[in-house]
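So the structure is just underneath, and the comments pick up after that.
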Amino acid sequence: MTSQATINSLLSGPAVLVATAVLDTIASRWRHAGVCVCLLDMNGAVTYHDPLASPFFRDYVLPQLRGDLGKTLAAADHAGRLPIDRSIPGTLLGVYPRIEKRHAHGILVLAVVDAAIDRTEDLQRAAGRLRLDAQWLLGAAGKLPAYDDDSFAPLSRLILDMLVDLTHLAAARHEIDSMSSELSASYEELTLIYQLSAGMHIDRSPADFFRQACMEYNDFTGVRATGVALAVGALPGAAPAMFGPMNLPPPELHRLGNLLVDAFGDSQAPIVVNDLASSPKFAFLAHHARQLLAVPLFRPQRHLGALFALDKITNDFDSHNVKLLISIANTSAIYLENSILYEDVRGLVMGLLHSLTSAVDAKDPYTCGHSRRVALLSRRIAREAGLDDALCERIYVSGLLHDVGKIGVPEAVLCKPGKLTSEEFDMIKRHPAIGAHILKDIKQIQDVIPGVLYHHERYDGRGYPTALAAENIPLMGRVICVADCLDAMTSTRTYRNALPLEAALLEIERGRGTQFDPAMADALLRIGEGRLKSLLAAHHTLSTQGGLFLDRPGESDPAAAIVGTL
């Protein structure tokens, strides 16, 4: 016999919900034993029944449960007694309230045929009310196992045990699936952050870094656009930028950037707006987007700007989206702060290098600006030859310093009009080695010394200081050689007038394969007379205004500002 303690323990266990899949399993396993499984809500409505129940239950029991009987069973107090009900003639009903968090949330009903069905006179009246033939009903009941109180009680206990076990198992599976899903999402988030961290190269442009960060967030989260807006002073000239299939008109993008930067100047709390049309501050975006998520770019004691995302393709922005964007923003802020520091140091170093080359130029007014022009031409040739941006930058620095050794050449020789004597020319020929010696103890520019030392070598091996030939000449030397000769030919010197650019290019072509590396000469010739004139004219304009060209990887406009914008 089932004890009340057993029933109470079954009904008041850990809070779990009975899933339809669990009820289907119970129904399918006990259908052959003549048990029909039903579930009522607390108002008595049938919310579940065995879809393959026998005709006896389908046509006789279920219609009565759907009537007033269901309400009566739901309202009855089944505590303190074995919950077996005989309200339906010829049927035993096990009625068990489902207790969730100490409150009943449904009524489980187990229906079986009563072993005393032949002896009940109420069956015929009940069948009549349902317009069923009593003999047919008895025949349908006779095809099912029948139970009395003593046999139904342990059966009920067994079914209840199974129900609780399956329910807890389903809950455990759901929890495992949920945990697995969260772990998978966390792994993908960590992978994304790792990829961004791995890309935090100090010489990488902010535009490239933020493009990657925003596009990765778009793909991972499923948003239409992600962007960045930097605070004033973070990077000079940097404008708000947005990446993804959505576009905002520039005035509205700038307005959004300014609003976010100002908002995060006072607070670091994320901004989540899932209905832009109802937002007083951001309603101007409503005809382009529906949702906005924004977080600050912040480092200790320094507000750097904001990252923002527009329009999640499915659902609203949630806490997971916020946490991920915050993680990306924290990583980006570290990169941005380091980039700013790098630009400060880089600007200082480049300024010192320009001062050094200016000191060289001051010794010979006829070559004033030569080093800067050679640096610009070398960089442009290197890019045209398809060299990577980092190497182009180092070639620029090498070109800037290529003549630093002339500090050690007497001014009387440098500025002498007319032809030099062999002794004087030997003094001139020593300047590459002098320059390399001056720079050899500066660790940060060791890699540019080959361009300084070998820019007067010839491709045919007749150059100086070591008479190297062809591919044995370091690449920097081969590039700067072409640029140096072009600028020398197009500049007025003490011993001759400048050649027109067109004539100088013909000389470069004539020296291809003898004086010059054919690949580097071809790269210069591909640039063409028109683009070379524009490059040199832009340099002249900035120089006369006190400006400098500081090389930026990927820069395409010779009149670009000192620091590229996003």
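Each chain in the structure tokens gets a letter, A, B, ..., in the order shown, and its residues are numbered from 1; ligands are numbered from 1 in order too.
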
Item to check | Sel. of helix (DSSP H, G or I) residues, segment 56-185 of chain A, as a VMD selection string | outcome: chain A and resid 56 to 65 68 to 75 117 to 119 122 to 129 134 to 142 149 to 185

Next on the checklist: Please list as number ranges by chain every residue within 6 Å of Leu297 of chain A, counting only C-alpha atoms and excluding residues in the same chain fewer than 6 positions away.
Outcome noted: A: 304-306, 329, 333

Checklist entry - If we count only C-alpha atoms, what is near segment 126-132 of chain A at a cut-off of 9 Å, once residues fewer than 4 positions away on the same chain are taken out, given as a PyMOL selection string? => result chain A and resi 59-60+63-64+88-89+122+136-137

Using only C-alpha atoms, which residues sit within 12 Å of Leu532 of chain A once same-chain residues fewer than 3 positions away are excluded, as a PDB file with N, CA, C and O atoms, in the first residue's frame?
ATOM      1  N   ARG A 373      62.978  64.235 -49.850  1.00  0.00           N
ATOM      2  CA  ARG A 373      62.441  63.829 -51.157  1.00  0.00           C
ATOM      3  C   ARG A 373      62.848  62.400 -51.493  1.00  0.00           C
ATOM      4  O   ARG A 373      62.040  61.611 -52.014  1.00  0.00           O
ATOM      5  N   VAL A 374      64.079  62.033 -51.183  1.00  0.00           N
ATOM      6  CA  VAL A 374      64.525  60.660 -51.436  1.00  0.00           C
ATOM      7  C   VAL A 374      63.712  59.678 -50.584  1.00  0.00           C
ATOM      8  O   VAL A 374      63.345  58.597 -51.047  1.00  0.00           O
ATOM      9  N   LEU A 376      60.618  60.061 -49.559  1.00  0.00           N
ATOM     10  CA  LEU A 376      59.282  59.960 -50.165  1.00  0.00           C
ATOM     11  C   LEU A 376      59.319  59.113 -51.434  1.00  0.00           C
ATOM     12  O   LEU A 376      58.470  58.237 -51.642  1.00  0.00           O
ATOM     13  N   LEU A 377      60.301  59.375 -52.282  1.00  0.00           N
ATOM     14  CA  LEU A 377      60.399  58.624 -53.537  1.00  0.00           C
ATOM     15  C   LEU A 377      60.687  57.145 -53.269  1.00  0.00           C
ATOM     16  O   LEU A 377      60.126  56.260 -53.918  1.00  0.00           O
ATOM     17  N   SER A 378      61.537  56.867 -52.291  1.00  0.00           N
ATOM     18  CA  SER A 378      61.872  55.479 -51.957  1.00  0.00           C
ATOM     19  C   SER A 378      60.633  54.737 -51.478  1.00  0.00           C
ATOM     20  O   SER A 378      60.385  53.585 -51.872  1.00  0.00           O
ATOM     21  N   ARG A 380      57.525  55.427 -52.170  1.00  0.00           N
ATOM     22  CA  ARG A 380      56.588  55.236 -53.266  1.00  0.00           C
ATOM     23  C   ARG A 380      57.062  54.137 -54.228  1.00  0.00           C
ATOM     24  O   ARG A 380      56.258  53.333 -54.720  1.00  0.00           O
ATOM     25  N   ILE A 381      58.354  54.080 -54.479  1.00  0.00           N
ATOM     26  CA  ILE A 381      58.888  53.012 -55.327  1.00  0.00           C
ATOM     27  C   ILE A 381      58.663  51.657 -54.670  1.00  0.00           C
ATOM     28  O   ILE A 381      58.259  50.685 -55.321  1.00  0.00           O
ATOM     29  N   ALA A 483      65.831  56.184 -56.201  1.00  0.00           N
ATOM     30  CA  ALA A 483      65.238  57.442 -55.741  1.00  0.00           C
ATOM     31  C   ALA A 483      66.296  58.537 -55.627  1.00  0.00           C
ATOM     32  O   ALA A 483      66.057  59.702 -56.003  1.00  0.00           O
ATOM     33  N   LEU A 486      67.281  59.836 -59.098  1.00  0.00           N
ATOM     34  CA  LEU A 486      66.238  60.646 -59.722  1.00  0.00           C
ATOM     35  C   LEU A 486      66.220  62.044 -59.121  1.00  0.00           C
ATOM     36  O   LEU A 486      66.163  63.051 -59.850  1.00  0.00           O
ATOM     37  N   ASP A 487      66.298  62.151 -57.790  1.00  0.00           N
ATOM     38  CA  ASP A 487      66.248  63.476 -57.168  1.00  0.00           C
ATOM     39  C   ASP A 487      67.506  64.267 -57.480  1.00  0.00           C
ATOM     40  O   ASP A 487      67.438  65.498 -57.671  1.00  0.00           O
ATOM     41  N   THR A 490      67.164  65.792 -60.916  1.00  0.00           N
ATOM     42  CA  THR A 490      66.137  66.826 -61.059  1.00  0.00           C
ATOM     43  C   THR A 490      66.358  67.995 -60.114  1.00  0.00           C
ATOM     44  O   THR A 490      65.493  68.856 -59.981  1.00  0.00           O
ATOM     45  N   LEU A 501      62.091  66.441 -65.405  1.00  0.00           N
ATOM     46  CA  LEU A 501      61.710  65.125 -64.880  1.00  0.00           C
ATOM     47  C   LEU A 501      61.634  64.088 -66.006  1.00  0.00           C
ATOM     48  O   LEU A 501      62.064  62.944 -65.836  1.00  0.00           O
ATOM     49  N   GLU A 502      61.112  64.490 -67.153  1.00  0.00           N
ATOM     50  CA  GLU A 502      60.979  63.562 -68.275  1.00  0.00           C
ATOM     51  C   GLU A 502      62.347  63.049 -68.705  1.00  0.00           C
ATOM     52  O   GLU A 502      62.533  61.847 -68.967  1.00  0.00           O
ATOM     53  N   ALA A 504      65.051  62.943 -66.827  1.00  0.00           N
ATOM     54  CA  ALA A 504      65.605  62.120 -65.753  1.00  0.00           C
ATOM     55  C   ALA A 504      65.039  60.701 -65.810  1.00  0.00           C
ATOM     56  O   ALA A 504      65.760  59.720 -65.577  1.00  0.00           O
ATOM     57  N   LEU A 505      63.753  60.581 -66.142  1.00  0.00           N
ATOM     58  CA  LEU A 505      63.138  59.250 -66.247  1.00  0.00           C
ATOM     59  C   LEU A 505      63.744  58.465 -67.403  1.00  0.00           C
ATOM     60  O   LEU A 505      63.898  57.240 -67.322  1.00  0.00           O
ATOM     61  N   ALA A 523      59.499  49.892 -61.300  1.00  0.00           N
ATOM     62  CA  ALA A 523      58.509  50.402 -60.345  1.00  0.00           C
ATOM     63  C   ALA A 523      58.440  51.919 -60.415  1.00  0.00           C
ATOM     64  O   ALA A 523      57.342  52.508 -60.404  1.00  0.00           O
ATOM     65  N   LEU A 524      59.600  52.577 -60.494  1.00  0.00           N
ATOM     66  CA  LEU A 524      59.608  54.041 -60.608  1.00  0.00           C
ATOM     67  C   LEU A 524      58.953  54.479 -61.907  1.00  0.00           C
ATOM     68  O   LEU A 524      58.137  55.418 -61.927  1.00  0.00           O
ATOM     69  N   LEU A 525      59.261  53.804 -63.003  1.00  0.00           N
ATOM     70  CA  LEU A 525      58.702  54.203 -64.297  1.00  0.00           C
ATOM     71  C   LEU A 525      57.189  53.987 -64.338  1.00  0.00           C
ATOM     72  O   LEU A 525      56.476  54.739 -65.000  1.00  0.00           O
ATOM     73  N   ARG A 526      56.693  52.972 -63.626  1.00  0.00           N
ATOM     74  CA  ARG A 526      55.242  52.748 -63.582  1.00  0.00           C
ATOM     75  C   ARG A 526      54.521  53.870 -62.834  1.00  0.00           C
ATOM     76  O   ARG A 526      53.364  54.175 -63.116  1.00  0.00           O
ATOM     77  N   ILE A 527      55.184  54.473 -61.872  1.00  0.00           N
ATOM     78  CA  ILE A 527      54.555  55.584 -61.147  1.00  0.00           C
ATOM     79  C   ILE A 527      54.203  56.697 -62.132  1.00  0.00           C
ATOM     80  O   ILE A 527      53.123  57.291 -62.064  1.00  0.00           O
ATOM     81  N   GLY A 528      55.100  56.969 -63.021  1.00  0.00           N
ATOM     82  CA  GLY A 528      54.817  57.922 -64.091  1.00  0.00           C
ATOM     83  C   GLY A 528      55.119  59.364 -63.738  1.00  0.00           C
ATOM     84  O   GLY A 528      55.157  59.759 -62.565  1.00  0.00           O
ATOM     85  N   GLU A 529      55.306  60.131 -64.773  1.00  0.00           N
ATOM     86  CA  GLU A 529      55.693  61.535 -64.612  1.00  0.00           C
ATOM     87  C   GLU A 529      54.635  62.331 -63.862  1.00  0.00           C
ATOM     88  O   GLU A 529      54.945  63.149 -62.983  1.00  0.00           O
ATOM     89  N   LEU A 535      53.476  64.204 -56.292  1.00  0.00           N
ATOM     90  CA  LEU A 535      54.121  63.844 -55.035  1.00  0.00           C
ATOM     91  C   LEU A 535      55.114  64.917 -54.608  1.00  0.00           C
ATOM     92  O   LEU A 535      55.099  65.389 -53.468  1.00  0.00           O
ATOM     93  N   LEU A 536      55.972  65.324 -55.527  1.00  0.00           N
ATOM     94  CA  LEU A 536      57.002  66.319 -55.189  1.00  0.00           C
ATOM     95  C   LEU A 536      56.397  67.694 -54.937  1.00  0.00           C
ATOM     96  O   LEU A 536      56.870  68.448 -54.081  1.00  0.00           O
ATOM     97  N   ALA A 537      55.330  68.028 -55.677  1.00  0.00           N
ATOM     98  CA  ALA A 537      54.671  69.322 -55.456  1.00  0.00           C
ATOM     99  C   ALA A 537      54.019  69.362 -54.080  1.00  0.00           C
ATOM    100  O   ALA A 537      54.080  70.377 -53.369  1.00  0.00           O
ATOM    101  N   ALA A 538      53.376  68.264 -53.693  1.00  0.00           N
ATOM    102  CA  ALA A 538      52.750  68.216 -52.371  1.00  0.00           C
ATOM    103  C   ALA A 538      53.801  68.327 -51.283  1.00  0.00           C
ATOM    104  O   ALA A 538      53.616  69.003 -50.273  1.00  0.00           O
ATOM    105  N   HIS A 539      54.936  67.655 -51.480  1.00  0.00           N
ATOM    106  CA  HIS A 539      56.033  67.756 -50.516  1.00  0.00           C
ATOM    107  C   HIS A 539      56.525  69.187 -50.411  1.00  0.00           C
ATOM    108  O   HIS A 539      56.762  69.706 -49.315  1.00  0.00           O
ATOM    109  N   ASP A 557      47.466  59.071 -50.536  1.00  0.00           N
ATOM    110  CA  ASP A 557      47.445  60.460 -50.976  1.00  0.00           C
ATOM    111  C   ASP A 557      48.714  61.154 -50.489  1.00  0.00           C
ATOM    112  O   ASP A 557      48.949  61.239 -49.287  1.00  0.00           O
ATOM    113  N   PRO A 558      49.566  61.669 -51.364  1.00  0.00           N
ATOM    114  CA  PRO A 558      50.805  62.299 -50.916  1.00  0.00           C
ATOM    115  C   PRO A 558      50.583  63.537 -50.088  1.00  0.00           C
ATOM    116  O   PRO A 558      51.499  63.988 -49.415  1.00  0.00           O
TER     117      PRO A 558
END

Next on the checklist: To one decimal place in Å, what is the distance between atom CA of Pro245 of chain A and atom CA of Phe298 of chain A?
Outcome noted: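 We find that atom CA of Pro245 of chain A and atom CA of Phe298 of chain A lie 27.1 Å from each other.
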
Checklist entry - Near Gly435 of chain A, counting only C-alpha atoms, which residues have an atom at most 9 Å away, once you skip same-chain residues fewer than 5 positions from it, shown as a list in words? => result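 In the requested form, the answer reads Leu401, His402, Asp403, Val404, Gly405, Lys406, Ile407, Gly408, Arg430, Lys440, Ile449, Val452 and Leu453 of chain A.
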
Using all heavy atoms, can you export the residues from the last selection as an mmCIF file, in the first residue's frame?
data_model
loop_
_atom_site.group_PDB
_atom_site.id
_atom_site.type_symbol
_atom_site.label_atom_id
_atom_site.label_comp_id
_atom_site.auth_asym_id
_atom_site.auth_seq_id
_atom_site.Cartn_x
_atom_site.Cartn_y
_atom_site.Cartn_z
ATOM 1 N N LEU A 401 67.664 58.985 -43.868
ATOM 2 C CA LEU A 401 68.990 59.027 -43.238
ATOM 3 C C LEU A 401 70.126 58.676 -44.205
ATOM 4 O O LEU A 401 71.287 58.616 -43.781
ATOM 5 C CB LEU A 401 69.020 58.030 -42.064
ATOM 6 C CG LEU A 401 68.079 58.328 -40.898
ATOM 7 C CD1 LEU A 401 68.048 57.144 -39.937
ATOM 8 C CD2 LEU A 401 68.510 59.588 -40.168
ATOM 9 N N HIS A 402 69.813 58.468 -45.480
ATOM 10 C CA HIS A 402 70.828 57.896 -46.369
ATOM 11 C C HIS A 402 72.075 58.761 -46.497
ATOM 12 O O HIS A 402 73.180 58.242 -46.731
ATOM 13 C CB HIS A 402 70.226 57.600 -47.751
ATOM 14 C CG HIS A 402 70.090 58.801 -48.629
ATOM 15 N ND1 HIS A 402 69.125 59.777 -48.432
ATOM 16 C CD2 HIS A 402 70.820 59.197 -49.721
ATOM 17 C CE1 HIS A 402 69.253 60.698 -49.366
ATOM 18 N NE2 HIS A 402 70.267 60.380 -50.158
ATOM 19 N N ASP A 403 71.938 60.065 -46.350
ATOM 20 C CA ASP A 403 73.094 60.956 -46.517
ATOM 21 C C ASP A 403 73.607 61.522 -45.198
ATOM 22 O O ASP A 403 74.364 62.498 -45.195
ATOM 23 C CB ASP A 403 72.726 62.124 -47.439
ATOM 24 C CG ASP A 403 72.999 61.802 -48.906
ATOM 25 O OD1 ASP A 403 73.655 60.777 -49.174
ATOM 26 O OD2 ASP A 403 72.543 62.565 -49.772
ATOM 27 N N VAL A 404 73.217 60.904 -44.059
ATOM 28 C CA VAL A 404 73.638 61.466 -42.777
ATOM 29 C C VAL A 404 75.155 61.481 -42.632
ATOM 30 O O VAL A 404 75.726 62.301 -41.904
ATOM 31 C CB VAL A 404 72.972 60.679 -41.610
ATOM 32 C CG1 VAL A 404 73.554 59.279 -41.476
ATOM 33 C CG2 VAL A 404 73.080 61.433 -40.293
ATOM 34 N N GLY A 405 75.824 60.586 -43.348
ATOM 35 C CA GLY A 405 77.294 60.543 -43.280
ATOM 36 C C GLY A 405 77.968 61.769 -43.841
ATOM 37 O O GLY A 405 79.164 61.995 -43.602
ATOM 38 N N LYS A 406 77.228 62.582 -44.582
ATOM 39 C CA LYS A 406 77.835 63.795 -45.135
ATOM 40 C C LYS A 406 78.181 64.808 -44.052
ATOM 41 O O LYS A 406 78.870 65.802 -44.328
ATOM 42 C CB LYS A 406 76.902 64.427 -46.165
ATOM 43 C CG LYS A 406 76.854 63.641 -47.467
ATOM 44 C CD LYS A 406 75.994 64.318 -48.525
ATOM 45 C CE LYS A 406 76.012 63.534 -49.839
ATOM 46 N NZ LYS A 406 75.158 64.162 -50.878
ATOM 47 N N ILE A 407 77.693 64.547 -42.823
ATOM 48 C CA ILE A 407 78.128 65.386 -41.706
ATOM 49 C C ILE A 407 79.650 65.317 -41.564
ATOM 50 O O ILE A 407 80.301 66.292 -41.155
ATOM 51 C CB ILE A 407 77.433 64.919 -40.396
ATOM 52 C CG1 ILE A 407 75.958 65.307 -40.430
ATOM 53 C CG2 ILE A 407 78.103 65.496 -39.163
ATOM 54 C CD1 ILE A 407 75.177 64.839 -39.223
ATOM 55 N N GLY A 408 80.208 64.158 -41.911
ATOM 56 C CA GLY A 408 81.664 63.975 -41.781
ATOM 57 C C GLY A 408 82.455 64.391 -42.999
ATOM 58 O O GLY A 408 83.676 64.183 -43.037
ATOM 59 N N ARG A 430 83.196 58.245 -48.944
ATOM 60 C CA ARG A 430 83.223 57.690 -47.583
ATOM 61 C C ARG A 430 81.921 57.953 -46.806
ATOM 62 O O ARG A 430 81.722 57.386 -45.737
ATOM 63 C CB ARG A 430 84.420 58.275 -46.813
ATOM 64 C CG ARG A 430 85.755 57.696 -47.243
ATOM 65 C CD ARG A 430 86.817 57.957 -46.172
ATOM 66 N NE ARG A 430 87.123 59.362 -46.043
ATOM 67 C CZ ARG A 430 88.082 59.996 -46.716
ATOM 68 N NH1 ARG A 430 88.824 59.325 -47.589
ATOM 69 N NH2 ARG A 430 88.308 61.279 -46.523
ATOM 70 N N LYS A 440 75.132 53.051 -35.971
ATOM 71 C CA LYS A 440 75.281 51.651 -35.569
ATOM 72 C C LYS A 440 74.905 51.388 -34.117
ATOM 73 O O LYS A 440 74.541 50.255 -33.762
ATOM 74 C CB LYS A 440 76.712 51.185 -35.816
ATOM 75 C CG LYS A 440 77.764 51.807 -34.910
ATOM 76 C CD LYS A 440 79.157 51.293 -35.250
ATOM 77 C CE LYS A 440 80.229 51.924 -34.376
ATOM 78 N NZ LYS A 440 80.043 51.624 -32.944
ATOM 79 N N ILE A 449 70.123 50.509 -41.653
ATOM 80 C CA ILE A 449 71.515 50.837 -41.994
ATOM 81 C C ILE A 449 71.908 50.331 -43.387
ATOM 82 O O ILE A 449 72.652 51.021 -44.107
ATOM 83 C CB ILE A 449 72.473 50.299 -40.907
ATOM 84 C CG1 ILE A 449 72.275 51.116 -39.621
ATOM 85 C CG2 ILE A 449 73.924 50.371 -41.357
ATOM 86 C CD1 ILE A 449 73.126 50.657 -38.444
ATOM 87 N N VAL A 452 71.465 52.962 -45.902
ATOM 88 C CA VAL A 452 72.434 54.050 -45.760
ATOM 89 C C VAL A 452 73.785 53.639 -46.346
ATOM 90 O O VAL A 452 74.437 54.415 -47.055
ATOM 91 C CB VAL A 452 72.582 54.424 -44.263
ATOM 92 C CG1 VAL A 452 73.668 55.479 -44.066
ATOM 93 C CG2 VAL A 452 71.247 54.905 -43.699
ATOM 94 N N LEU A 453 74.191 52.401 -46.083
ATOM 95 C CA LEU A 453 75.534 51.953 -46.461
ATOM 96 C C LEU A 453 75.652 51.604 -47.938
ATOM 97 O O LEU A 453 76.718 51.800 -48.547
ATOM 98 C CB LEU A 453 75.911 50.731 -45.601
ATOM 99 C CG LEU A 453 77.315 50.155 -45.780
ATOM 100 C CD1 LEU A 453 78.389 51.215 -45.489
ATOM 101 C CD2 LEU A 453 77.501 48.944 -44.867
#

Next on the checklist: What's around Asn330 of chain A at 10 Å? Count only C-alpha atoms, leave out sequence neighbours fewer than 2 positions away in its own chain, and write the answer as an MDAnalysis selection string.
Outcome noted: chainID A and resid 193 295:299 324:328 332:336

Keeping N, CA, C and O atoms, export the residues of the selection given above as a PDB file, in the first residue's frame.
ATOM      1  N   ILE A 193      38.206  37.464 -28.611  1.00  0.00           N
ATOM      2  CA  ILE A 193      39.066  38.384 -27.867  1.00  0.00           C
ATOM      3  C   ILE A 193      40.534  38.037 -28.096  1.00  0.00           C
ATOM      4  O   ILE A 193      41.384  38.924 -28.254  1.00  0.00           O
ATOM      5  N   VAL A 295      29.120  51.154 -25.713  1.00  0.00           N
ATOM      6  CA  VAL A 295      29.923  51.020 -24.496  1.00  0.00           C
ATOM      7  C   VAL A 295      31.126  51.949 -24.619  1.00  0.00           C
ATOM      8  O   VAL A 295      31.547  52.290 -25.728  1.00  0.00           O
ATOM      9  N   PRO A 296      31.717  52.344 -23.489  1.00  0.00           N
ATOM     10  CA  PRO A 296      32.836  53.294 -23.553  1.00  0.00           C
ATOM     11  C   PRO A 296      34.169  52.620 -23.862  1.00  0.00           C
ATOM     12  O   PRO A 296      34.395  51.453 -23.535  1.00  0.00           O
ATOM     13  N   LEU A 297      35.041  53.372 -24.513  1.00  0.00           N
ATOM     14  CA  LEU A 297      36.458  53.028 -24.619  1.00  0.00           C
ATOM     15  C   LEU A 297      37.154  53.797 -23.506  1.00  0.00           C
ATOM     16  O   LEU A 297      37.277  55.027 -23.579  1.00  0.00           O
ATOM     17  N   PHE A 298      37.602  53.082 -22.487  1.00  0.00           N
ATOM     18  CA  PHE A 298      38.081  53.786 -21.297  1.00  0.00           C
ATOM     19  C   PHE A 298      39.332  53.116 -20.762  1.00  0.00           C
ATOM     20  O   PHE A 298      39.426  51.892 -20.706  1.00  0.00           O
ATOM     21  N   ARG A 299      40.290  53.949 -20.412  1.00  0.00           N
ATOM     22  CA  ARG A 299      41.465  53.515 -19.678  1.00  0.00           C
ATOM     23  C   ARG A 299      41.544  54.344 -18.407  1.00  0.00           C
ATOM     24  O   ARG A 299      40.927  55.413 -18.329  1.00  0.00           O
ATOM     25  N   LEU A 324      30.039  41.114 -24.244  1.00  0.00           N
ATOM     26  CA  LEU A 324      31.017  40.891 -25.302  1.00  0.00           C
ATOM     27  C   LEU A 324      31.554  42.208 -25.850  1.00  0.00           C
ATOM     28  O   LEU A 324      32.768  42.357 -26.055  1.00  0.00           O
ATOM     29  N   LEU A 325      30.668  43.175 -26.078  1.00  0.00           N
ATOM     30  CA  LEU A 325      31.130  44.461 -26.610  1.00  0.00           C
ATOM     31  C   LEU A 325      32.007  45.180 -25.595  1.00  0.00           C
ATOM     32  O   LEU A 325      32.971  45.851 -25.962  1.00  0.00           O
ATOM     33  N   ILE A 326      31.705  45.030 -24.294  1.00  0.00           N
ATOM     34  CA  ILE A 326      32.559  45.608 -23.259  1.00  0.00           C
ATOM     35  C   ILE A 326      33.945  44.972 -23.300  1.00  0.00           C
ATOM     36  O   ILE A 326      34.965  45.662 -23.190  1.00  0.00           O
ATOM     37  N   SER A 327      33.996  43.642 -23.471  1.00  0.00           N
ATOM     38  CA  SER A 327      35.285  42.954 -23.546  1.00  0.00           C
ATOM     39  C   SER A 327      36.091  43.448 -24.743  1.00  0.00           C
ATOM     40  O   SER A 327      37.301  43.694 -24.635  1.00  0.00           O
ATOM     41  N   ILE A 328      35.408  43.602 -25.886  1.00  0.00           N
ATOM     42  CA  ILE A 328      36.095  44.113 -27.079  1.00  0.00           C
ATOM     43  C   ILE A 328      36.555  45.554 -26.844  1.00  0.00           C
ATOM     44  O   ILE A 328      37.664  45.947 -27.241  1.00  0.00           O
ATOM     45  N   SER A 332      40.253  46.951 -27.031  1.00  0.00           N
ATOM     46  CA  SER A 332      40.511  48.032 -27.988  1.00  0.00           C
ATOM     47  C   SER A 332      41.100  49.253 -27.296  1.00  0.00           C
ATOM     48  O   SER A 332      41.953  49.947 -27.868  1.00  0.00           O
ATOM     49  N   ALA A 333      40.636  49.525 -26.078  1.00  0.00           N
ATOM     50  CA  ALA A 333      41.146  50.695 -25.351  1.00  0.00           C
ATOM     51  C   ALA A 333      42.628  50.526 -25.021  1.00  0.00           C
ATOM     52  O   ALA A 333      43.407  51.489 -25.085  1.00  0.00           O
ATOM     53  N   ILE A 334      43.020  49.294 -24.660  1.00  0.00           N
ATOM     54  CA  ILE A 334      44.443  49.032 -24.393  1.00  0.00           C
ATOM     55  C   ILE A 334      45.264  49.260 -25.666  1.00  0.00           C
ATOM     56  O   ILE A 334      46.302  49.927 -25.638  1.00  0.00           O
ATOM     57  N   TYR A 335      44.753  48.692 -26.774  1.00  0.00           N
ATOM     58  CA  TYR A 335      45.459  48.905 -28.049  1.00  0.00           C
ATOM     59  C   TYR A 335      45.542  50.394 -28.392  1.00  0.00           C
ATOM     60  O   TYR A 335      46.596  50.898 -28.791  1.00  0.00           O
ATOM     61  N   LEU A 336      44.421  51.096 -28.236  1.00  0.00           N
ATOM     62  CA  LEU A 336      44.374  52.500 -28.620  1.00  0.00           C
ATOM     63  C   LEU A 336      45.322  53.339 -27.770  1.00  0.00           C
ATOM     64  O   LEU A 336      46.027  54.214 -28.294  1.00  0.00           O
TER      65      LEU A 336
END

Identify, on the basis of only C-alpha atoms, every residue whose closest approach to Val413 of chain A does not exceed 8 Å; exclude the query and any residue fewer than 4 positions from it along the same chain; express the result as an mmCIF file with all heavy atoms, in the first residue's frame.
data_model
loop_
_atom_site.group_PDB
_atom_site.id
_atom_site.type_symbol
_atom_site.label_atom_id
_atom_site.label_comp_id
_atom_site.auth_asym_id
_atom_site.auth_seq_id
_atom_site.Cartn_x
_atom_site.Cartn_y
_atom_site.Cartn_z
ATOM 1 N N VAL A 409 81.805 64.987 -44.009
ATOM 2 C CA VAL A 409 82.504 65.453 -45.215
ATOM 3 C C VAL A 409 82.679 66.972 -45.120
ATOM 4 O O VAL A 409 81.718 67.683 -44.815
ATOM 5 C CB VAL A 409 81.712 65.086 -46.485
ATOM 6 C CG1 VAL A 409 82.420 65.624 -47.733
ATOM 7 C CG2 VAL A 409 81.537 63.570 -46.576
ATOM 8 N N LEU A 420 85.236 67.650 -58.966
ATOM 9 C CA LEU A 420 86.018 67.290 -57.793
ATOM 10 C C LEU A 420 87.302 66.584 -58.214
ATOM 11 O O LEU A 420 87.356 65.898 -59.245
ATOM 12 C CB LEU A 420 85.211 66.356 -56.881
ATOM 13 C CG LEU A 420 83.918 66.892 -56.289
ATOM 14 C CD1 LEU A 420 83.210 65.790 -55.504
ATOM 15 C CD2 LEU A 420 84.174 68.099 -55.395
ATOM 16 N N GLU A 424 89.111 64.469 -53.412
ATOM 17 C CA GLU A 424 87.832 64.999 -52.918
ATOM 18 C C GLU A 424 86.686 64.005 -53.156
ATOM 19 O O GLU A 424 85.810 63.831 -52.306
ATOM 20 C CB GLU A 424 87.527 66.330 -53.601
ATOM 21 C CG GLU A 424 88.470 67.443 -53.170
ATOM 22 C CD GLU A 424 88.346 68.692 -54.043
ATOM 23 O OE1 GLU A 424 87.901 68.556 -55.210
ATOM 24 O OE2 GLU A 424 88.693 69.779 -53.565
ATOM 25 N N MET A 427 86.651 61.455 -50.559
ATOM 26 C CA MET A 427 85.997 61.938 -49.333
ATOM 27 C C MET A 427 84.477 61.763 -49.428
ATOM 28 O O MET A 427 83.819 61.334 -48.483
ATOM 29 C CB MET A 427 86.333 63.417 -49.099
ATOM 30 C CG MET A 427 87.772 63.688 -48.731
ATOM 31 S SD MET A 427 88.036 65.453 -48.424
ATOM 32 C CE MET A 427 89.810 65.504 -48.247
ATOM 33 N N ILE A 428 83.944 62.108 -50.612
ATOM 34 C CA ILE A 428 82.496 61.956 -50.824
ATOM 35 C C ILE A 428 82.101 60.479 -50.714
ATOM 36 O O ILE A 428 81.086 60.132 -50.103
ATOM 37 C CB ILE A 428 82.087 62.505 -52.198
ATOM 38 C CG1 ILE A 428 82.237 64.033 -52.240
ATOM 39 C CG2 ILE A 428 80.656 62.104 -52.538
ATOM 40 C CD1 ILE A 428 81.222 64.787 -51.415
#
